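Below is one structure; the comments refer to it alone.
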Amino acid sequence: MLLRRRPLNPNPFPPLLTTTQITSSFSTTTPPSPITITPTLLKQCNSLTNAKLFHQQLTVQGLINIFAPNLIGTFLALNNTSHSISLINHFLQPSSYYVFWWNQLIRSALHLEAHHLVLDFYHQMRARGWTPDHYTFPFVFKACGEIMASSYGVSLHADVFRTGFESNVFVCNAVVAMYGRFGAIRDARKVFDDLCYRGVEDLVSWNSIVSSYARVGDVGSAIKMFGKMNGKGLVLPDAVSLVNVLPACASLGASLLGKEIHGFSIRSGLVDDVFVGNAMVDMYAKCGKMDEASMVFERMKIKDVVSWNAMVTGYSQTGRFEDALSLFEKMREENIGLDVVTWTAVIAGYAQRGHGCEALDVFRQMCNCGSRPNVVTLVSLLSGCASVGALLNGKETHCYAIKFILYFNGHNTRDDLMVINGLIDMYAKCQSVNMSRTMFDLISPKDRDVVTWTVMIGGYAQHGDANPALQLFSEMFKIGNSIRPNDFTLSCALMACARMAALRFGRQIHAYLLRNNYDSDNLFVTNCLIDMYTKSGDVDTAQIVFDNMPERNSVSWTTLMTGYGMHGRGEDALRVFNEMRNMGLVPDGITFLVVLYACSHSGMVDHGINLFYRMSDDFGVPPKEEHYACMVDLLGRAGRLGEAVKLINGMPIVPTPVVWVALLSACRMHSNVEIGEFAANRLLELESENDGSYTLLSNIYANAKRWKDVARIRYLMKHTGVKKRPGCSWVQGREGFATFYVGDRSHSQSQQIYEILADLIQSIKAIGYVPQTSFALHDVDDEEKGDLLSEHSEKLALAYGILTSLPGTPIRITKNLRICGDCHSAITYISMIIDHEIILRDSSRFHHFKNGSCSCKGYW
């Protein structure tokens with residue numbers, strides 16, 4: 001806080017004795033002195049050694065009592081407090097006249113930022129019977145505020161009443177400022193109101209209370225108090241007043257009020273003050289009014305590096321990064337000293353836009369220029385490393401932080417916590433989640449803030465195993481340190497639920513949102529809710545959440561359409577698409593991709609073809625490779641492989657691997673070896689190493705009983721180092737999720753699971769199920785292939801679900817790959833003989849099995 005202090009005693013030293021007065025006071029018996037010591041000589045002394053010699057001479061000559069005040073002043077000027085306090089204690093008696101020297105001693109310690117020494121001096125002063133005056137208290141209150149010594153400050157406030165200074169405006173202003181530093185805004189306001197009641201408040205009083213409200217984040221009250229101060233006409237705001245209130249306007253985005261203050265500064269002539277100008281530029285920048293900020297900046301008669309930094313930071317944070325870079329280069333051209341704020345603004349700008357390499361380059365330039373990065377610099381740099389997966393550079397930044405920032409002394413300071421949070425995020429986004437968790441565990445649970453929990457939960461949800469994300473989210477509520485999840489925490493937890501298809505957990509989070517009155521207008525959280533419900537198999541509840549949204553954006557519409565597409569409900573997806581258009585929203589490339597996907601998974605071939613050819617003509621959205629891939633998938637599922645090949649040949653852009661994979665998948669579905677080989681060769685030419693492509697071609701050969709080609713594909717995979725991802729399925733039971741791999745026998749209930757599965761297979765064979773042995777990619781007899789098929793992970797997960805679920809409850813299974821044809825057939829039959837709906841989500845879509853039919857209708 002900036003306070004315009006009143007000058008201390010205009011005469012900084014008590015009256016000094018003249019040479020004549022000193023000479024006349026000598027005893028006639030005093031021997032002649034080898035050196036004549038005068039007040040002027042003591043005042044000009046600039047060496048501690050000489051000062052000590054003068055002290056010695058004065059003691060020998062018996063003049064120390066007379067010259068003690070002058071000698072104290074000499075030692076204080078040389079920053080030697082120990083000799084000063086010794087002289088005060090031995091040669092000065094407590095009096096209002098000589099308390100000046102204690103004030104000078106305390107003021108000197110405050111100037112050196114030795115705040116604990118200030119309190120120690122005050123304690124010694126009171127212990128020796130000295131009474132402080134109205135100059136003493138402000139120094140000590142300021143020291144208390146700087147080191148947050150709240151208990152000492154409260155006792156000191158009581159001392160004000162004991163010594164009769166409770167009505168002194170100078171002292172009480174310092175009390176208001178101190179309570180403001182503590183965040184004790186009620187106490188600050190009480191002292192301020194008492195000043196007003198006594199009618200002794202001044203401009204500093206108003207500035208102190210406005211600054212106190214701004215410091216604790218109550219910017220609304222800060223602006224309100226500024227309005228009262230200005231409205232009553234009792235005091236006229238000065239430059240400090242404006243510097244206090246403008247940041248409050250920036251925090252609220254109150255640019256209109258900021259403009260009014262700007263007008264006042266022009267009328268009052270305060271606009272030329274460089275501090276006011278800087279605060280004005282910063283206010284407009286944080287309100288997103290960069291044109292106005294630029295106008296103020298250009299008209300400033302005096303600019304300092306803070307002025308330039310406010311503009312560079314403002315341009316960077318409002319997305320006008322080219323302007324920020326241009327101004328940054330101009331600073332270098334005009335030899336304006338770049339400080340850590342300037343460099344950090346540019347590094348943060350690059351990092352926020354995902355340009356991590358450029359951020360690293362600027363950081364190197366910063367280090368070469370001798371500027372030392374601060375905590376914000378390192379956090380921004382870590383964000384840049386995370387954006388491009390630069391793990392090695394992130395580790396280098398980690399090493400720098402260990403050397404110069406992190407203390408690891410058992411007490412996580414705010415700076416430590418900011419850096420560690422950045423490291424957790426960086427390691428997670430660089431696919432090193434275990435290291436991320438190591439950093440998380442370095443912080444004791446009581447010291448973790450909501451950001452710490454959020455970045456770790458988000459790291460697991462987006463870049464690791466979603467199950468630990470949900471475990472951490474639950475643990476967050478159990479530690480008892482009143483950490484309340486914010487919108488980002490909840491969104492990360494919902495993303496983890498969506499990945500795991502953890503509908504039960506997702507519903508609990510939704511209930512938590514409703515119980516705790518979280519902002520229903522938060523689009524990000526609500527969109528995550530819609531995504532969670534659709535990916536957890538409950539698209540109807542997703543529609544209800546969507547219908548109750550007070551406001552929607554394009555993500556809301558697209559997420560709901562995606563959900564309907566995943567569930568094979570193409571008509572509903574088209575309905576939402578038409579409603580979106582009726583609301584005046586213009587569909588973009590992502591919207592069309594989602595609708596084409598829905599048509600493809602619902603068998604709505606003609607609708608899909610019509611939309612595809614209208615994209616460019618009616619909506620001005622040119623098709624990209626992903627749209628062509630979706631169309632190939634749509635035509636391929638319908639068995640129109642020739643049209644799919646023709647579409648690829650007519651593409652105005654070079655087909656990417658995703659297009660050929662879509663064609664290869666269709667060939668697998670319709671057992672077309674010739675076109676399948678053609679697509680596979682194109683993939684090899686593009687050097688695509690997708691394990692799914694090899695698997696699809698191997699399936700095509702196996703279905704055609706071309707076992708030599710199957711063996712060749714496997715050899716090729718082994719030779720090129722491509723490994724097939726193992727099939728994995730998980731299902732939610734009574735005690736959490738159970739995960740199964742093909743042939744898995746590691747579960748504690750494995751024997752019961754296999755017994756249930758054997759009974760199911762035997763029962764469905766009796767009603768017509770025939771194992772599709774083409775999906776067992778081994779050159780063995782059909783009976784052995786049937787045994788291999790029965791051990792697929794989705795069948796094991798289903799058996800476990802039946803074993804642990806109550807009758808009539810849905811069984812929800814998630815698989816990391818596409819469901820195999822035999823499993824799809826078997827589960828369709830199983831749904832005829834059990835009292836459960838089976839909801840299976842694979843890597844492509846949802847399958848709802850009930851009463852012997854599947855929602856996909858064969859389009860999977």
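Naming scheme: A, B, ... for chains in displayed order of the structure tokens; residues 1 onward per chain; ligands 1 onward as shown.
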For this session: Select from segment 31-270 of chain A everything DSSP, run on the backbone, classes as alpha helix (DSSP H), then give the selection as an MDAnalysis selection string.
Result: chainID A and resid 39:43 48:61 64:77 81:91 99:111 115:127 136:146 150:162 169:182 185:198 203:215 219:231 239:252 255:268
For this session: Quick one: everything within 9 Å of Gly73 of chain A, counting only C-alpha atoms, minus sequence neighbours fewer than 5 positions away in the same chain. Send it as a list in words.
Result: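 Here the answer would be Phe13, Leu42, Lys43, Ala68, Leu78, Ser84, Trp101 and Gln104 of chain A.
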Written selection (N, CA and C atoms) as an mmCIF file, in the first residue's frame:
data_model
loop_
_atom_site.group_PDB
_atom_site.id
_atom_site.type_symbol
_atom_site.label_atom_id
_atom_site.label_comp_id
_atom_site.auth_asym_id
_atom_site.auth_seq_id
_atom_site.Cartn_x
_atom_site.Cartn_y
_atom_site.Cartn_z
ATOM 1 N N PHE A 13 17.240 16.531 14.240
ATOM 2 C CA PHE A 13 18.021 16.284 15.449
ATOM 3 C C PHE A 13 17.647 17.322 16.506
ATOM 4 N N LEU A 42 31.498 15.471 14.610
ATOM 5 C CA LEU A 42 30.787 14.198 14.786
ATOM 6 C C LEU A 42 29.807 13.955 13.636
ATOM 7 N N LYS A 43 29.158 15.018 13.187
ATOM 8 C CA LYS A 43 28.177 14.888 12.117
ATOM 9 C C LYS A 43 28.839 14.505 10.804
ATOM 10 N N ALA A 68 26.540 12.802 24.207
ATOM 11 C CA ALA A 68 25.859 11.537 23.943
ATOM 12 C C ALA A 68 24.852 11.635 22.794
ATOM 13 N N LEU A 78 25.802 5.709 10.678
ATOM 14 C CA LEU A 78 26.686 4.639 10.201
ATOM 15 C C LEU A 78 26.029 3.262 10.312
ATOM 16 N N SER A 84 24.481 2.604 19.307
ATOM 17 C CA SER A 84 23.454 3.628 19.525
ATOM 18 C C SER A 84 22.590 3.283 20.714
ATOM 19 N N TRP A 101 15.429 9.774 19.735
ATOM 20 C CA TRP A 101 16.514 8.869 19.345
ATOM 21 C C TRP A 101 16.026 7.425 19.242
ATOM 22 N N GLN A 104 14.460 7.318 15.891
ATOM 23 C CA GLN A 104 15.457 7.202 14.837
ATOM 24 C C GLN A 104 16.018 5.778 14.751
#
For Ile590 of chain A, please output as a PDB file with C-alpha atoms, in the first residue's frame all residues within 10 Å (counting only C-alpha atoms; exclusion window: fewer than 4 positions along the same chain).
ATOM      1  CA  SER A 554     -21.638 -24.681 -29.568  1.00  0.00           C
ATOM      2  CA  VAL A 555     -19.881 -27.241 -27.332  1.00  0.00           C
ATOM      3  CA  THR A 558     -22.048 -30.732 -30.272  1.00  0.00           C
ATOM      4  CA  VAL A 594     -20.443 -35.226 -35.420  1.00  0.00           C
ATOM      5  CA  VAL A 595     -23.602 -35.410 -37.574  1.00  0.00           C
ATOM      6  CA  LEU A 596     -21.891 -37.520 -40.236  1.00  0.00           C
ATOM      7  CA  VAL A 621     -17.582 -25.383 -44.650  1.00  0.00           C
ATOM      8  CA  GLU A 626     -11.767 -36.308 -41.240  1.00  0.00           C
ATOM      9  CA  HIS A 627     -15.062 -35.609 -43.061  1.00  0.00           C
TER      10      HIS A 627
END
Problem set entry | Atomic separation - atom CA of Arg320 of chain A relative to atom CA of Ile302 of chain A, Å | 24.6 Å
Exercise. Can you list, as a ChimeraX atom specification, every protein, DNA or RNA residue that comes within 8 Å of segment 463-476 of chain A when you count only C-alpha atoms, leaving out same-chain residues fewer than 2 positions away?
Worked result: /A:428-429,431,433,453,456-461,478-479,483,493,496-497,499-500
Within 9 Å of segment 234-250 of chain A, which residues of segment 188-220 of chain A show up? Give each one with its shortest atom-to-atom distance in Å (one decimal) and the two atoms involved, counting only C-alpha atoms, rows by chain then rising residue number, as a tab-separated table.
residue	atom	partner	partner_atom	distance
A:Asp202	CA	A:Val235	CA	7.0
A:Leu203	CA	A:Val235	CA	5.9
A:Val204	CA	A:Ser241	CA	8.7
A:Trp206	CA	A:Ser241	CA	8.1
A:Asn207	CA	A:Ser241	CA	5.5
A:Ser208	CA	A:Ser241	CA	8.9
A:Val210	CA	A:Asn244	CA	6.8
A:Ser211	CA	A:Asn244	CA	5.6
A:Ala214	CA	A:Ala248	CA	6.2
A:Gly217	CA	A:Ala248	CA	8.4
A:Asp218	CA	A:Ala248	CA	8.4
A:Val219	CA	A:Ala248	CA	4.9
A:Gly220	CA	A:Ala248	CA	7.5
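For the choices A:Lys795, A:Lys289, A:Arg569, A:Arg448, the atom-to-atom distance to Arg414 of chain A is smallest for A:Arg448 when using only C-alpha atoms.
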For this session: Write out as JSON, numbers by chain which residues come within 10 Å of Met651 of chain A when counting only C-alpha atoms, dropping same-chain ones fewer than 6 positions away.
Result: {"A": [623, 624, 625, 628]}
Exercise. In Å, how far is it from atom CA of Tyr829 of chain A to atom CA of Gly808 of chain A?
Worked result: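 These two atoms are separated by 16.9 Å.
Residues surrounding segment 656-666 of chain A within 7 Å are Glu625, Tyr628, Ala629, Val632, Asp633, Gly636, Arg637, His670, Gly676, Ala679, Ala680, Leu683, Ser688, Ser693 and Leu696 of chain A [only C-alpha atoms; sequence separation below 4 positions excluded].
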Take the selection from the previous step and output its residues with N, CA and C atoms, as a PDB file, in the first residue's frame.
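Listing of out36.pdb after writing:
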ATOM      1  N   GLU A 625     -10.031 -33.910 -44.267  1.00  0.00           N
ATOM      2  CA  GLU A 625      -9.771 -35.347 -44.333  1.00  0.00           C
ATOM      3  C   GLU A 625     -10.642 -36.152 -43.380  1.00  0.00           C
ATOM      4  N   TYR A 628     -14.025 -36.731 -44.957  1.00  0.00           N
ATOM      5  CA  TYR A 628     -13.942 -37.780 -45.973  1.00  0.00           C
ATOM      6  C   TYR A 628     -13.848 -39.159 -45.308  1.00  0.00           C
ATOM      7  N   ALA A 629     -13.086 -39.249 -44.228  1.00  0.00           N
ATOM      8  CA  ALA A 629     -12.975 -40.525 -43.522  1.00  0.00           C
ATOM      9  C   ALA A 629     -14.333 -40.970 -43.002  1.00  0.00           C
ATOM     10  N   VAL A 632     -16.344 -42.285 -45.944  1.00  0.00           N
ATOM     11  CA  VAL A 632     -15.875 -43.618 -46.318  1.00  0.00           C
ATOM     12  C   VAL A 632     -16.425 -44.645 -45.346  1.00  0.00           C
ATOM     13  N   ASP A 633     -16.431 -44.315 -44.073  1.00  0.00           N
ATOM     14  CA  ASP A 633     -16.978 -45.209 -43.051  1.00  0.00           C
ATOM     15  C   ASP A 633     -18.474 -45.429 -43.282  1.00  0.00           C
ATOM     16  N   GLY A 636     -18.883 -47.490 -46.415  1.00  0.00           N
ATOM     17  CA  GLY A 636     -18.340 -48.827 -46.192  1.00  0.00           C
ATOM     18  C   GLY A 636     -19.249 -49.682 -45.335  1.00  0.00           C
ATOM     19  N   ARG A 637     -19.813 -49.115 -44.264  1.00  0.00           N
ATOM     20  CA  ARG A 637     -20.728 -49.875 -43.408  1.00  0.00           C
ATOM     21  C   ARG A 637     -21.936 -50.371 -44.198  1.00  0.00           C
ATOM     22  N   HIS A 670     -17.044 -56.553 -44.505  1.00  0.00           N
ATOM     23  CA  HIS A 670     -17.676 -57.204 -45.657  1.00  0.00           C
ATOM     24  C   HIS A 670     -16.757 -58.213 -46.331  1.00  0.00           C
ATOM     25  N   GLY A 676      -9.231 -54.496 -49.332  1.00  0.00           N
ATOM     26  CA  GLY A 676      -8.529 -54.438 -48.052  1.00  0.00           C
ATOM     27  C   GLY A 676      -7.025 -54.388 -48.225  1.00  0.00           C
ATOM     28  N   ALA A 679      -6.060 -50.924 -49.492  1.00  0.00           N
ATOM     29  CA  ALA A 679      -6.014 -49.927 -48.413  1.00  0.00           C
ATOM     30  C   ALA A 679      -4.797 -50.137 -47.519  1.00  0.00           C
ATOM     31  N   ALA A 680      -4.494 -51.406 -47.231  1.00  0.00           N
ATOM     32  CA  ALA A 680      -3.347 -51.694 -46.358  1.00  0.00           C
ATOM     33  C   ALA A 680      -2.045 -51.242 -46.996  1.00  0.00           C
ATOM     34  N   LEU A 683      -1.575 -47.605 -46.590  1.00  0.00           N
ATOM     35  CA  LEU A 683      -1.148 -47.297 -45.219  1.00  0.00           C
ATOM     36  C   LEU A 683       0.341 -47.549 -45.036  1.00  0.00           C
ATOM     37  N   SER A 688       2.342 -45.706 -41.778  1.00  0.00           N
ATOM     38  CA  SER A 688       1.462 -45.718 -40.616  1.00  0.00           C
ATOM     39  C   SER A 688       1.742 -46.960 -39.791  1.00  0.00           C
ATOM     40  N   SER A 693      -4.543 -51.231 -37.797  1.00  0.00           N
ATOM     41  CA  SER A 693      -4.515 -51.495 -39.240  1.00  0.00           C
ATOM     42  C   SER A 693      -4.029 -52.909 -39.509  1.00  0.00           C
ATOM     43  N   LEU A 696      -6.742 -55.397 -38.472  1.00  0.00           N
ATOM     44  CA  LEU A 696      -7.845 -55.477 -39.430  1.00  0.00           C
ATOM     45  C   LEU A 696      -7.467 -56.336 -40.636  1.00  0.00           C
TER      46      LEU A 696
END
